[in-house]
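> Have a peek at data17.cif (mmCIF, C-alpha atoms and all ligand atoms).
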```cif
data_data
#
loop_
_atom_site.label_atom_id
_atom_site.label_comp_id
_atom_site.auth_asym_id
_atom_site.auth_seq_id
_atom_site.Cartn_x
_atom_site.Cartn_y
_atom_site.Cartn_z
CA MET R 85 13.72 -26.39 -34.91
CA ASP R 86 11.46 -28.71 -32.94
CA PRO R 87 9.44 -26.82 -30.22
CA VAL R 88 10.94 -29.09 -27.53
CA ASP R 89 14.47 -28.22 -28.70
CA LEU R 90 13.57 -24.54 -28.71
CA GLU R 91 12.42 -24.73 -25.11
CA VAL R 92 15.57 -26.64 -24.11
CA GLU R 93 17.71 -23.97 -25.77
CA PHE R 94 15.73 -21.18 -24.06
CA ASN R 95 16.05 -22.82 -20.63
CA GLY R 96 19.77 -23.36 -21.22
CA LEU R 97 20.28 -19.66 -21.99
CA VAL R 98 18.35 -18.62 -18.87
CA GLU R 99 20.23 -21.05 -16.64
CA ALA R 100 23.58 -19.89 -18.04
CA ASP R 101 22.60 -16.30 -17.17
CA GLN R 102 22.66 -15.29 -20.82
CA ARG R 103 20.22 -12.67 -22.09
CA ILE R 104 17.11 -13.50 -24.10
CA GLU R 105 16.84 -11.02 -26.98
CA PRO R 106 13.72 -9.94 -28.93
CA ARG R 107 14.33 -12.23 -31.91
CA ASP R 108 15.07 -15.30 -29.78
CA TRP R 109 12.39 -17.93 -29.34
CA MET R 110 10.64 -17.64 -25.96
CA PRO R 111 7.67 -19.40 -24.36
CA ASP R 112 4.36 -17.52 -24.69
CA GLY R 113 4.04 -17.37 -20.90
CA TYR R 114 7.47 -15.70 -20.60
CA ARG R 115 6.47 -13.10 -23.20
CA ARG R 116 3.09 -12.44 -21.54
CA ASN R 117 4.60 -12.19 -18.07
CA LEU R 118 7.23 -9.71 -19.24
CA ILE R 119 4.68 -7.57 -21.08
CA ARG R 120 2.57 -7.52 -17.91
CA GLN R 121 5.42 -6.51 -15.62
CA ILE R 122 7.14 -4.06 -17.98
CA ALA R 123 3.82 -2.37 -18.83
CA GLN R 124 2.97 -2.08 -15.13
CA HIS R 125 6.41 -0.61 -14.54
CA ALA R 126 6.11 1.88 -17.44
CA HIS R 127 2.63 3.01 -16.32
CA SER R 128 4.01 3.47 -12.77
CA GLU R 129 6.72 5.82 -13.99
CA ILE R 130 4.23 7.93 -15.94
CA ILE R 131 1.45 8.02 -13.31
CA GLY R 132 4.21 8.55 -10.73
CA MET R 133 4.86 11.98 -12.27
CA GLN R 134 1.53 13.25 -10.93
CA PRO R 135 2.04 13.30 -7.13
CA GLU R 136 5.34 15.21 -7.39
CA GLY R 137 4.22 17.29 -10.38
CA ASN R 138 1.65 18.71 -7.97
CA TRP R 139 4.48 20.61 -6.21
CA ILE R 140 6.41 22.01 -9.18
CA THR R 141 4.54 25.33 -9.09
CA ARG R 142 4.91 25.57 -5.29
CA ALA R 143 8.51 24.49 -4.72
CA PRO R 144 10.05 26.69 -2.01
CA SER R 145 12.98 27.97 -4.11
CA LEU R 146 14.18 28.19 -7.70
CA ARG R 147 16.83 25.53 -6.95
CA ARG R 148 14.27 23.07 -5.55
CA LYS R 149 11.95 23.77 -8.47
CA ALA R 150 14.67 23.10 -11.06
CA ILE R 151 15.63 19.84 -9.32
CA LEU R 152 12.02 18.69 -9.10
CA MET R 153 11.32 19.49 -12.75
CA ALA R 154 14.40 17.52 -13.80
CA LYS R 155 13.35 14.56 -11.65
CA VAL R 156 9.80 14.47 -13.02
CA GLN R 157 11.18 14.69 -16.57
CA ASP R 158 13.50 11.76 -15.79
CA GLU R 159 10.42 9.74 -14.83
CA ALA R 160 8.83 10.48 -18.22
CA GLY R 161 12.07 9.23 -19.78
CA HIS R 162 11.97 6.03 -17.70
CA GLY R 163 8.41 5.41 -18.87
CA LEU R 164 9.52 5.81 -22.48
CA TYR R 165 12.47 3.38 -22.16
CA LEU R 166 10.09 0.88 -20.61
CA TYR R 167 7.36 1.23 -23.25
CA CYS R 168 10.10 0.72 -25.87
CA ALA R 169 11.30 -2.41 -24.02
CA ALA R 170 7.70 -3.72 -24.00
CA GLU R 171 7.36 -2.99 -27.72
CA THR R 172 10.28 -5.32 -28.47
CA LEU R 173 7.94 -8.11 -27.27
CA GLY R 174 5.43 -7.35 -30.04
CA VAL R 175 2.90 -5.04 -28.36
CA ASP R 176 2.15 -1.49 -29.29
CA ARG R 177 2.46 1.32 -26.75
CA ALA R 178 -1.01 2.61 -27.71
CA GLU R 179 -2.44 -0.82 -26.89
CA LEU R 180 -0.79 -0.79 -23.46
CA ILE R 181 -2.21 2.65 -22.71
CA ASP R 182 -5.69 1.49 -23.78
CA GLN R 183 -5.34 -1.45 -21.37
CA LEU R 184 -4.33 0.89 -18.54
CA HIS R 185 -7.33 3.13 -19.22
CA ALA R 186 -9.64 0.11 -19.34
CA GLY R 187 -8.32 -1.04 -15.92
CA ARG R 188 -6.81 -4.24 -17.37
CA GLN R 189 -3.23 -3.25 -16.49
CA LYS R 190 -1.95 -1.90 -13.22
CA TYR R 191 0.43 0.77 -11.98
CA SER R 192 2.10 0.94 -8.58
CA SER R 193 -0.23 1.34 -5.60
CA VAL R 194 2.10 3.94 -4.07
CA PHE R 195 1.05 6.63 -6.53
CA ASN R 196 -2.54 6.56 -5.29
CA TYR R 197 -1.66 8.58 -2.19
CA PRO R 198 -1.87 12.40 -2.07
CA THR R 199 1.09 14.78 -1.69
CA LEU R 200 -0.20 17.07 1.04
CA THR R 201 2.91 19.14 1.90
CA TRP R 202 6.29 20.05 0.41
CA ALA R 203 7.92 17.45 2.69
CA ASP R 204 6.10 14.74 0.72
CA VAL R 205 8.40 15.45 -2.22
CA GLY R 206 11.44 14.66 -0.03
CA ALA R 207 9.75 11.59 1.46
CA ILE R 208 8.89 10.27 -2.01
CA GLY R 209 12.50 10.71 -3.14
CA TRP R 210 13.92 9.05 -0.04
CA LEU R 211 11.38 6.24 0.46
CA VAL R 212 9.54 5.63 -2.83
CA ASP R 213 12.65 5.99 -4.98
CA GLY R 214 14.58 4.02 -2.35
CA ALA R 215 12.12 1.12 -2.59
CA ALA R 216 12.10 1.42 -6.38
CA ILE R 217 15.93 1.17 -6.57
CA THR R 218 15.94 -1.83 -4.24
CA ASN R 219 13.54 -3.53 -6.66
CA GLN R 220 15.23 -2.31 -9.83
CA ILE R 221 18.91 -3.05 -9.19
CA PRO R 222 18.28 -6.82 -9.43
CA LEU R 223 16.20 -6.17 -12.56
CA CYS R 224 19.45 -5.01 -14.24
CA ARG R 225 20.21 -8.77 -14.27
CA CYS R 226 16.79 -9.74 -15.63
CA SER R 227 17.00 -12.47 -18.27
CA TYR R 228 15.30 -10.30 -20.91
CA GLY R 229 17.97 -8.07 -22.50
CA PRO R 230 15.97 -4.91 -23.37
CA TYR R 231 14.39 -4.74 -19.88
CA ALA R 232 17.73 -5.35 -18.13
CA ARG R 233 19.49 -2.67 -20.22
CA ALA R 234 16.72 -0.12 -19.64
CA MET R 235 17.09 -0.73 -15.90
CA VAL R 236 20.83 0.08 -15.88
CA ARG R 237 20.11 3.62 -17.01
CA VAL R 238 16.99 3.99 -14.86
CA CYS R 239 18.90 2.92 -11.73
CA LYS R 240 21.62 5.52 -12.26
CA GLU R 241 18.99 8.27 -12.35
CA GLU R 242 16.97 6.70 -9.56
CA SER R 243 19.91 6.74 -7.15
CA PHE R 244 20.33 10.47 -7.79
CA HIS R 245 16.59 10.85 -7.12
CA GLN R 246 16.92 9.11 -3.80
CA ARG R 247 19.87 11.29 -2.77
CA GLN R 248 17.97 14.46 -3.61
CA GLY R 249 14.96 13.25 -1.58
CA PHE R 250 17.17 12.50 1.39
CA GLU R 251 18.91 15.88 1.13
CA SER R 252 15.61 17.76 0.85
CA LEU R 253 14.15 15.91 3.84
CA TYR R 254 17.36 16.43 5.84
CA ALA R 255 17.08 20.21 5.30
CA LEU R 256 13.55 20.11 6.73
CA SER R 257 14.23 17.72 9.59
CA HIS R 258 17.18 19.86 10.71
CA GLY R 259 15.24 23.10 10.23
CA THR R 260 12.64 24.73 12.47
CA PRO R 261 10.43 22.60 14.79
CA GLU R 262 7.55 23.17 12.32
CA GLN R 263 9.68 21.91 9.41
CA HIS R 264 10.77 18.89 11.44
CA ALA R 265 7.11 18.12 12.22
CA MET R 266 6.20 18.43 8.55
CA ALA R 267 9.00 16.00 7.59
CA GLN R 268 7.91 13.53 10.30
CA ASP R 269 4.29 13.71 9.12
CA ALA R 270 5.39 12.96 5.54
CA VAL R 271 7.41 9.94 6.69
CA ASP R 272 4.44 8.73 8.76
CA ARG R 273 2.28 8.74 5.62
CA TRP R 274 4.79 7.40 3.04
CA TRP R 275 6.53 4.66 5.09
CA TRP R 276 3.97 1.88 4.73
CA PRO R 277 2.95 2.62 1.10
CA SER R 278 6.68 2.44 0.21
CA LEU R 279 7.01 -0.99 1.83
CA MET R 280 3.92 -2.13 -0.07
CA LEU R 281 5.35 -0.88 -3.39
CA LEU R 282 7.48 -4.04 -3.25
CA GLY R 283 4.41 -6.22 -3.75
CA PRO R 284 2.28 -8.57 -1.65
CA SER R 285 3.88 -10.99 0.81
CA ASP R 286 5.54 -14.03 -0.75
CA ALA R 287 2.64 -16.19 0.43
CA GLU R 288 0.24 -14.05 -1.63
CA SER R 289 2.45 -13.34 -4.65
CA THR R 290 1.11 -15.14 -7.72
CA HIS R 291 3.98 -14.51 -10.14
CA THR R 292 7.14 -14.69 -8.02
CA SER R 293 8.01 -18.37 -8.31
CA GLN R 294 7.64 -18.50 -12.11
CA SER R 295 9.37 -15.12 -12.55
CA MET R 296 12.28 -16.34 -10.38
CA ALA R 297 12.54 -19.56 -12.40
CA TRP R 298 12.73 -17.47 -15.59
CA ARG R 299 15.22 -15.11 -13.88
CA ILE R 300 13.03 -12.10 -14.50
CA LYS R 301 12.94 -11.55 -10.75
CA ARG R 302 16.07 -12.37 -8.73
CA PHE R 303 14.59 -11.92 -5.25
CA THR R 304 11.16 -12.38 -3.75
CA ASN R 305 9.00 -9.44 -2.65
CA ASP R 306 9.70 -10.17 1.05
CA GLU R 307 13.47 -10.44 0.47
CA LEU R 308 13.46 -7.03 -1.22
CA ARG R 309 11.32 -5.54 1.57
CA GLN R 310 13.92 -6.70 4.11
CA ARG R 311 16.74 -5.17 2.05
CA PHE R 312 14.85 -1.90 1.79
CA VAL R 313 14.19 -1.70 5.53
CA ASP R 314 17.83 -2.55 6.25
CA MET R 315 18.89 0.33 3.99
CA VAL R 316 16.51 3.05 5.21
CA ALA R 317 16.26 2.32 8.95
CA PRO R 318 19.78 3.69 9.71
CA GLN R 319 19.16 6.57 7.29
CA ALA R 320 16.10 7.52 9.39
CA ASP R 321 18.45 7.93 12.38
CA VAL R 322 20.60 10.36 10.41
CA LEU R 323 17.46 12.25 9.42
CA GLU R 324 16.34 12.26 13.07
CA LEU R 325 12.95 11.01 11.93
CA THR R 326 11.08 8.02 13.33
CA PRO R 327 9.46 5.46 11.02
CA PRO R 328 5.88 4.76 12.15
CA ASP R 329 6.59 1.15 13.09
CA PRO R 330 6.90 0.27 16.80
CA GLU R 331 8.32 -3.14 15.85
CA LEU R 332 11.26 -1.70 13.91
CA ARG R 333 14.49 -2.64 15.65
CA TRP R 334 17.90 -4.14 14.86
CA ASN R 335 18.06 -7.89 15.40
CA GLU R 336 21.67 -8.81 16.17
CA ALA R 337 21.06 -12.55 15.75
CA ARG R 338 19.51 -12.21 12.29
CA GLY R 339 21.81 -9.39 11.18
CA HIS R 340 18.73 -7.54 9.91
CA TYR R 341 16.09 -5.13 11.15
CA ASP R 342 12.85 -6.64 12.40
CA PHE R 343 9.79 -4.75 11.26
CA GLY R 344 6.00 -4.94 11.48
CA GLU R 345 3.48 -6.37 9.06
CA CYS R 346 2.08 -4.19 6.26
CA ASP R 347 -1.67 -3.68 6.14
CA TRP R 348 -2.31 -6.13 3.30
CA ASP R 349 -6.02 -5.29 3.20
CA GLU R 350 -5.05 -1.73 2.41
CA LEU R 351 -2.76 -2.91 -0.43
CA ARG R 352 -5.56 -5.07 -1.85
CA ARG R 353 -7.97 -2.11 -1.69
CA VAL R 354 -5.57 0.32 -3.36
CA VAL R 355 -4.55 -2.16 -6.08
CA GLY R 356 -8.25 -2.92 -6.58
CA GLY R 357 -8.93 0.74 -7.44
CA ASP R 358 -10.11 2.08 -4.09
CA GLY R 359 -7.15 4.09 -2.82
CA PRO R 360 -7.33 7.78 -1.91
CA CYS R 361 -6.39 9.04 -5.40
CA ASN R 362 -6.97 6.13 -7.86
CA ARG R 363 -9.82 7.82 -9.72
CA GLN R 364 -8.06 11.18 -9.87
CA ARG R 365 -4.78 9.67 -11.15
CA LEU R 366 -6.42 7.66 -13.92
CA ALA R 367 -8.80 10.49 -14.94
CA HIS R 368 -5.83 12.85 -15.23
CA HIS R 369 -3.93 10.34 -17.38
CA VAL R 370 -6.95 9.85 -19.65
CA SER R 371 -7.50 13.59 -20.11
CA ALA R 372 -3.78 14.30 -20.74
CA HIS R 373 -3.79 11.48 -23.31
CA GLU R 374 -6.89 12.85 -25.06
CA GLU R 375 -5.55 16.40 -25.05
CA GLY R 376 -2.32 15.13 -26.61
CA ALA R 377 -4.10 13.35 -29.50
CA TRP R 378 -3.39 16.25 -31.90
CA VAL R 379 0.35 16.04 -31.14
CA ARG R 380 0.43 12.33 -31.97
CA GLU R 381 -1.58 12.94 -35.17
CA ALA R 382 0.73 15.77 -36.23
CA ALA R 383 3.84 13.67 -35.54
CA ALA R 384 2.42 10.74 -37.53
CA ALA R 385 1.46 13.04 -40.44
CA TYR R 386 4.95 14.58 -40.42
CA ALA R 387 6.61 11.16 -40.41
CA ALA R 388 4.33 9.94 -43.24
CA LYS R 389 5.09 13.05 -45.31
CA HIS R 390 8.82 12.58 -44.88
CA SER R 391 8.75 8.88 -45.70
CA ALA R 392 6.67 9.68 -48.85
CA VAL R 393 9.26 12.33 -49.87
CA GLY R 394 11.97 9.75 -49.19
CA VAL R 395 10.24 7.21 -51.50
CA VAL R 396 9.86 9.79 -54.33
CA ALA R 397 13.48 10.95 -53.97
CA ALA R 398 14.73 7.35 -54.05
N1 LIG O 1 0.95 -1.95 -6.82
O1 LIG O 1 2.60 -11.82 -7.97
P1 LIG O 1 2.97 -10.43 -7.60
C1 LIG O 1 9.19 4.80 -9.70
C2 LIG O 1 0.15 -6.71 -8.51
S1 LIG O 1 8.02 3.87 -10.52
C3 LIG O 1 0.11 -2.37 -7.79
O2 LIG O 1 3.91 -10.26 -6.47
P2 LIG O 1 4.99 -9.53 -9.46
C4 LIG O 1 8.90 6.20 -9.42
C5 LIG O 1 0.95 -7.43 -9.56
O3 LIG O 1 1.13 -6.61 -10.73
C6 LIG O 1 8.62 2.22 -10.49
N2 LIG O 1 0.01 -3.66 -8.15
O4 LIG O 1 3.51 -9.69 -8.91
C7 LIG O 1 8.13 6.95 -10.28
C8 LIG O 1 0.08 -8.64 -9.81
O5 LIG O 1 -1.08 -8.27 -10.56
P3 LIG O 1 -1.28 -8.73 -12.12
C9 LIG O 1 7.79 1.28 -9.65
C10 LIG O 1 0.83 -4.54 -7.53
O6 LIG O 1 4.89 -8.86 -10.77
C11 LIG O 1 7.79 8.25 -9.92
C12 LIG O 1 -0.45 -8.95 -8.41
O7 LIG O 1 -0.41 -7.73 -7.70
N3 LIG O 1 8.40 -0.04 -9.72
O8 LIG O 1 10.20 4.28 -9.37
O9 LIG O 1 5.73 -10.80 -9.38
C13 LIG O 1 8.24 8.82 -8.72
C14 LIG O 1 0.33 -10.03 -7.69
O10 LIG O 1 1.65 -9.58 -7.32
C15 LIG O 1 1.74 -4.16 -6.54
C16 LIG O 1 7.90 -1.05 -10.48
O11 LIG O 1 6.88 -0.92 -11.12
C17 LIG O 1 1.78 -2.80 -6.19
N4 LIG O 1 2.61 -2.34 -5.24
O12 LIG O 1 5.69 -8.55 -8.39
C18 LIG O 1 9.04 8.08 -7.88
C19 LIG O 1 8.73 -2.33 -10.50
N5 LIG O 1 2.40 -5.25 -6.12
O13 LIG O 1 -0.13 -8.05 -12.88
C20 LIG O 1 9.40 6.77 -8.22
C21 LIG O 1 8.35 -3.34 -11.55
C22 LIG O 1 1.91 -6.28 -6.82
O14 LIG O 1 -1.19 -10.21 -12.15
N6 LIG O 1 7.45 -4.36 -11.06
N7 LIG O 1 0.96 -5.87 -7.66
O15 LIG O 1 -2.61 -8.18 -12.51
C23 LIG O 1 7.86 -5.38 -10.28
O16 LIG O 1 9.02 -5.52 -9.93
C24 LIG O 1 6.84 -6.40 -9.87
O17 LIG O 1 5.78 -6.32 -10.81
C25 LIG O 1 6.29 -6.20 -8.41
C26 LIG O 1 5.20 -7.24 -8.16
C27 LIG O 1 7.42 -6.42 -7.42
C28 LIG O 1 5.68 -4.82 -8.22
#
```
Can the structure in the file be given as structure tokens, please?

Amino acid sequence: MDPVDLEVEFNGLVEADQRIEPRDWMPDGYRRNLIRQIAQHAHSEIIGMQPEGNWITRAPSLRRKAILMAKVQDEAGHGLYLYCAAETLGVDRAELIDQLHAGRQKYSSVFNYPTLTWADVGAIGWLVDGAAITNQIPLCRCSYGPYARAMVRVCKEESFHQRQGFESLYALSHGTPEQHAMAQDAVDRWWWPSLMLLGPSDAESTHTSQSMAWRIKRFTNDELRQRFVDMVAPQADVLELTPPDPELRWNEARGHYDFGECDWDELRRVVGGDGPCNRQRLAHHVSAHEEGAWVREAAAAYAAKHSAVGVVAA
């Protein structure tokens, strides 16, 4: 088919809200943009295991420990679905991990903050997973089939994660005055990083307009931030916790909450590698990857042996 016809067919599928599948023709820019976003998303899930993993050995009860272990394992699973979705675009997972280690691919800024107390685990579930779901539900309608389908499953697990975070934080905020203070302190530290998880302001976002035209993204970063604030502000009342934003208030005329401006310099710094835990997070990922080399070699040797046996038997 003529390249012009291919592009017309591609645009027609996108505009008709049909899915683009791995074997379909797609513009190079569409493929590159998806690899970039899906890889960033996959790396976020895997690096995102670290802040909460920090509390598995110190969870306050067996029940909380079992829940936290299951949640962190879910995040590993999300990373794997996403690396598989990226691989359908013709890249290798090993290549994506090399790019992450070389600083050429990103992961979410929010995971560069430390988890100082047990309440941080609840705040991450409530706020970080809450922001992540707000972003990911529209991605279930992304034009690229494998990414959209991965998101359906991820969102089901993510909504359970948010519930457990809320429930854990509720137990603390309705506990002793010390527990309430610990929950409030966690919300003070995780509120703004969670808002920034949703990306720079629309005026600064480089990819949004093209990603919206290709129906990879369905909403802009600022639209999703508004949705997120509208969802969590009333939940904060139920928790009896106060978000650290003096400008947060219901606006009857707009039918939305008003809220203050994020510290965009801070987002730029953290994305640029200079957040509180960037070096620690990446160094831990590199060392876990190196320590796991023997497992990958053994698995590859086992697979090669079995395929050789299969060839002889055939
Ligand atoms: N942090 O043009 P923009 C989870 C980058 S984990 C770092 O708006 P786009 C969980 C952006 O990549 C799930 N970088 O970009 C796990 C771009 O740089 P490049 C987290 C950021 O792609 C464990 C540049 O800034 N969710 O749920 O249109 C425990 C310009 O931005 C950030 C995802 O990963 C940031 N916050 O929109 C608990 C969602 N923001 O690539 C929970 C998937 C922007 O040109 N990703 N950048 O070098 C997305 O939906 C989109 O990529 C974003 C950004 C909304 C994040």
> Smallest atom-to-atom distance to R:Leu97: which of R:Val205, R:Ala154, R:Tyr228, R:Ala123, using only C-alpha atoms?
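That would be R:Tyr228, the residue with the smallest distance to R:Leu97.
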> Would you write out, as a tab-separated table, a table of all residues in chain R that have an atom no more than 7 Å from an atom of ligand LIG 1 (chain O), listing for each the closest atom pair and the distance in Å to one decimal, considering all atoms listed in the file and ordering rows by chain and rising residue number?

```
residue	atom	partner	partner_atom	distance
R:Arg120	CA	O:LIG1	O13	5.7
R:Gln121	CA	O:LIG1	O17	4.8
R:Ile122	CA	O:LIG1	C21	6.6
R:Gln124	CA	O:LIG1	O11	5.7
R:His125	CA	O:LIG1	O11	3.5
R:Ala126	CA	O:LIG1	O11	7.0
R:Ser128	CA	O:LIG1	S1	4.6
R:Glu129	CA	O:LIG1	C7	4.1
R:Ile130	CA	O:LIG1	C7	6.9
R:Gly132	CA	O:LIG1	C11	3.7
R:Met133	CA	O:LIG1	C11	5.3
R:Glu159	CA	O:LIG1	C11	5.8
R:Gln189	CA	O:LIG1	O15	6.4
R:Lys190	CA	O:LIG1	N2	5.7
R:Tyr191	CA	O:LIG1	C3	5.2
R:Ser192	CA	O:LIG1	N1	3.6
R:Ser193	CA	O:LIG1	N1	3.7
R:Val194	CA	O:LIG1	N4	6.4
R:Ile208	CA	O:LIG1	C18	6.3
R:Gly209	CA	O:LIG1	C18	6.4
R:Val212	CA	O:LIG1	C20	5.5
R:Asp213	CA	O:LIG1	C20	4.7
R:Ala216	CA	O:LIG1	O8	4.6
R:Asn219	CA	O:LIG1	O16	5.9
R:Gln220	CA	O:LIG1	C19	6.5
R:Met280	CA	O:LIG1	N4	5.3
R:Leu281	CA	O:LIG1	N4	3.6
R:Leu282	CA	O:LIG1	C27	4.8
R:Gly283	CA	O:LIG1	N5	3.3
R:Pro284	CA	O:LIG1	O2	5.4
R:Ser289	CA	O:LIG1	O1	3.7
R:Thr290	CA	O:LIG1	O1	3.6
R:His291	CA	O:LIG1	O1	3.7
R:Thr292	CA	O:LIG1	O9	4.4
R:Ser295	CA	O:LIG1	O9	6.5
R:Asn305	CA	O:LIG1	C27	5.9
R:Val355	CA	O:LIG1	C3	5.0
```
> Give me, please, the distance in Å between atom CA of R:Asp286 and atom CA of R:Leu308, quoted to one decimal.
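Interatomic distance, atom CA of R:Asp286 to atom CA of R:Leu308: 10.6 Å.
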> Could you work out how far atom CA of R:Ser257 lies from atom CA of R:Asp321, giving the answer in Å with one decimal?
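Interatomic distance, atom CA of R:Asp321 to atom CA of R:Ser257: 11.0 Å.
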> What's around R:Gln248 at 8 Å? Count only C-alpha atoms, leave out sequence neighbours fewer than 2 positions away in its own chain, and write the answer as a PyMOL selection string.
chain R and resi 206+209-210+244-246+250-252
> So how far away is atom CA of R:His258 from atom CA of R:Met315, in Å?
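Rounded to one decimal, the two atoms are 20.7 Å apart.
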> Residues at most 7 Å from R:Pro135, counting only C-alpha atoms, excluding those fewer than 5 positions away in the same chain, as a list of chain:residue names?
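These residues fall inside the cut-off: R:Phe195, R:Pro198, R:Thr199.
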> List every protein, DNA or RNA residue that has an atom no more than 12 Å from (-5.4, -6.1, -0.9) in the file's coordinate frame, counting all atoms listed in the file, and report them as a PDB file with C-alpha atoms, keeping the file's coordinate frame.

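This went into out.pdb:
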```pdb
ATOM      1  CA  SER R 193      -0.230   1.340  -5.600  1.00  0.00           C
ATOM      2  CA  MET R 280       3.920  -2.130  -0.070  1.00  0.00           C
ATOM      3  CA  GLY R 283       4.410  -6.220  -3.750  1.00  0.00           C
ATOM      4  CA  PRO R 284       2.280  -8.570  -1.650  1.00  0.00           C
ATOM      5  CA  SER R 285       3.880 -10.990   0.810  1.00  0.00           C
ATOM      6  CA  GLU R 288       0.240 -14.050  -1.630  1.00  0.00           C
ATOM      7  CA  SER R 289       2.450 -13.340  -4.650  1.00  0.00           C
ATOM      8  CA  CYS R 346       2.080  -4.190   6.260  1.00  0.00           C
ATOM      9  CA  ASP R 347      -1.670  -3.680   6.140  1.00  0.00           C
ATOM     10  CA  TRP R 348      -2.310  -6.130   3.300  1.00  0.00           C
ATOM     11  CA  ASP R 349      -6.020  -5.290   3.200  1.00  0.00           C
ATOM     12  CA  GLU R 350      -5.050  -1.730   2.410  1.00  0.00           C
ATOM     13  CA  LEU R 351      -2.760  -2.910  -0.430  1.00  0.00           C
ATOM     14  CA  ARG R 352      -5.560  -5.070  -1.850  1.00  0.00           C
ATOM     15  CA  ARG R 353      -7.970  -2.110  -1.690  1.00  0.00           C
ATOM     16  CA  VAL R 354      -5.570   0.320  -3.360  1.00  0.00           C
ATOM     17  CA  VAL R 355      -4.550  -2.160  -6.080  1.00  0.00           C
ATOM     18  CA  GLY R 356      -8.250  -2.920  -6.580  1.00  0.00           C
ATOM     19  CA  GLY R 357      -8.930   0.740  -7.440  1.00  0.00           C
ATOM     20  CA  ASP R 358     -10.110   2.080  -4.090  1.00  0.00           C
ATOM     21  CA  GLY R 359      -7.150   4.090  -2.820  1.00  0.00           C
TER      22      GLY R 359
END
```
> R:Phe94, R:Tyr341, R:Trp109, R:Tyr254: which is nearest R:Ala320, counting only C-alpha atoms?
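Checking each candidate against R:Ala320, we get R:Tyr254 as the closest.
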> Per residue of stretch 328-371 of chain R within 10 Å of stretch 170-184 of chain R, what are the shortest atom pair and its distance in Å to one decimal, counting only C-alpha atoms, with rows by chain and residue number, as JSON lines?

```
{"residue": "R:Leu366", "atom": "CA", "partner": "R:Leu184", "partner_atom": "CA", "distance": 8.5}
{"residue": "R:His369", "atom": "CA", "partner": "R:Ile181", "partner_atom": "CA", "distance": 9.5}
{"residue": "R:Val370", "atom": "CA", "partner": "R:Ile181", "partner_atom": "CA", "distance": 9.1}
```
> Pick from R:Arg148, R:Arg311, R:His185, R:Arg302: nearest to R:Leu223, with all atoms listed in the file counted?
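Closest to R:Leu223, using all atoms listed in the file: R:Arg302.
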> Please determine, counting only C-alpha atoms, which residue among R:Gln364, R:Ser293, R:Gly344, R:Met235 has the shortest atom-to-atom distance to R:Asp329.
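Closest to R:Asp329, using only C-alpha atoms: R:Gly344.
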> Fewer than 4 positions away in the same chain doesn't count, so skip those; otherwise give me all residues within 12 Å of R:Glu99, counting only C-alpha atoms, as a PyMOL selection string.
chain R and resi 92-95+103-104+226-227+296-300
> Extract, using all atoms listed in the file, all DNA, RNA and protein residues at most 12 Å from R:Phe343, discarding same-chain residues fewer than 6 positions from it, and format them as a PyMOL selection string.
chain R and resi 275-276+279+306+309-314+316-317+327-335
> Hey, which of R:Ile119, R:Ala382, R:Leu323, R:Val236 ends up closest to R:Ala169? Count all atoms listed in the file.
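Counting all atoms listed in the file, the residue closest to R:Ala169 is R:Ile119.
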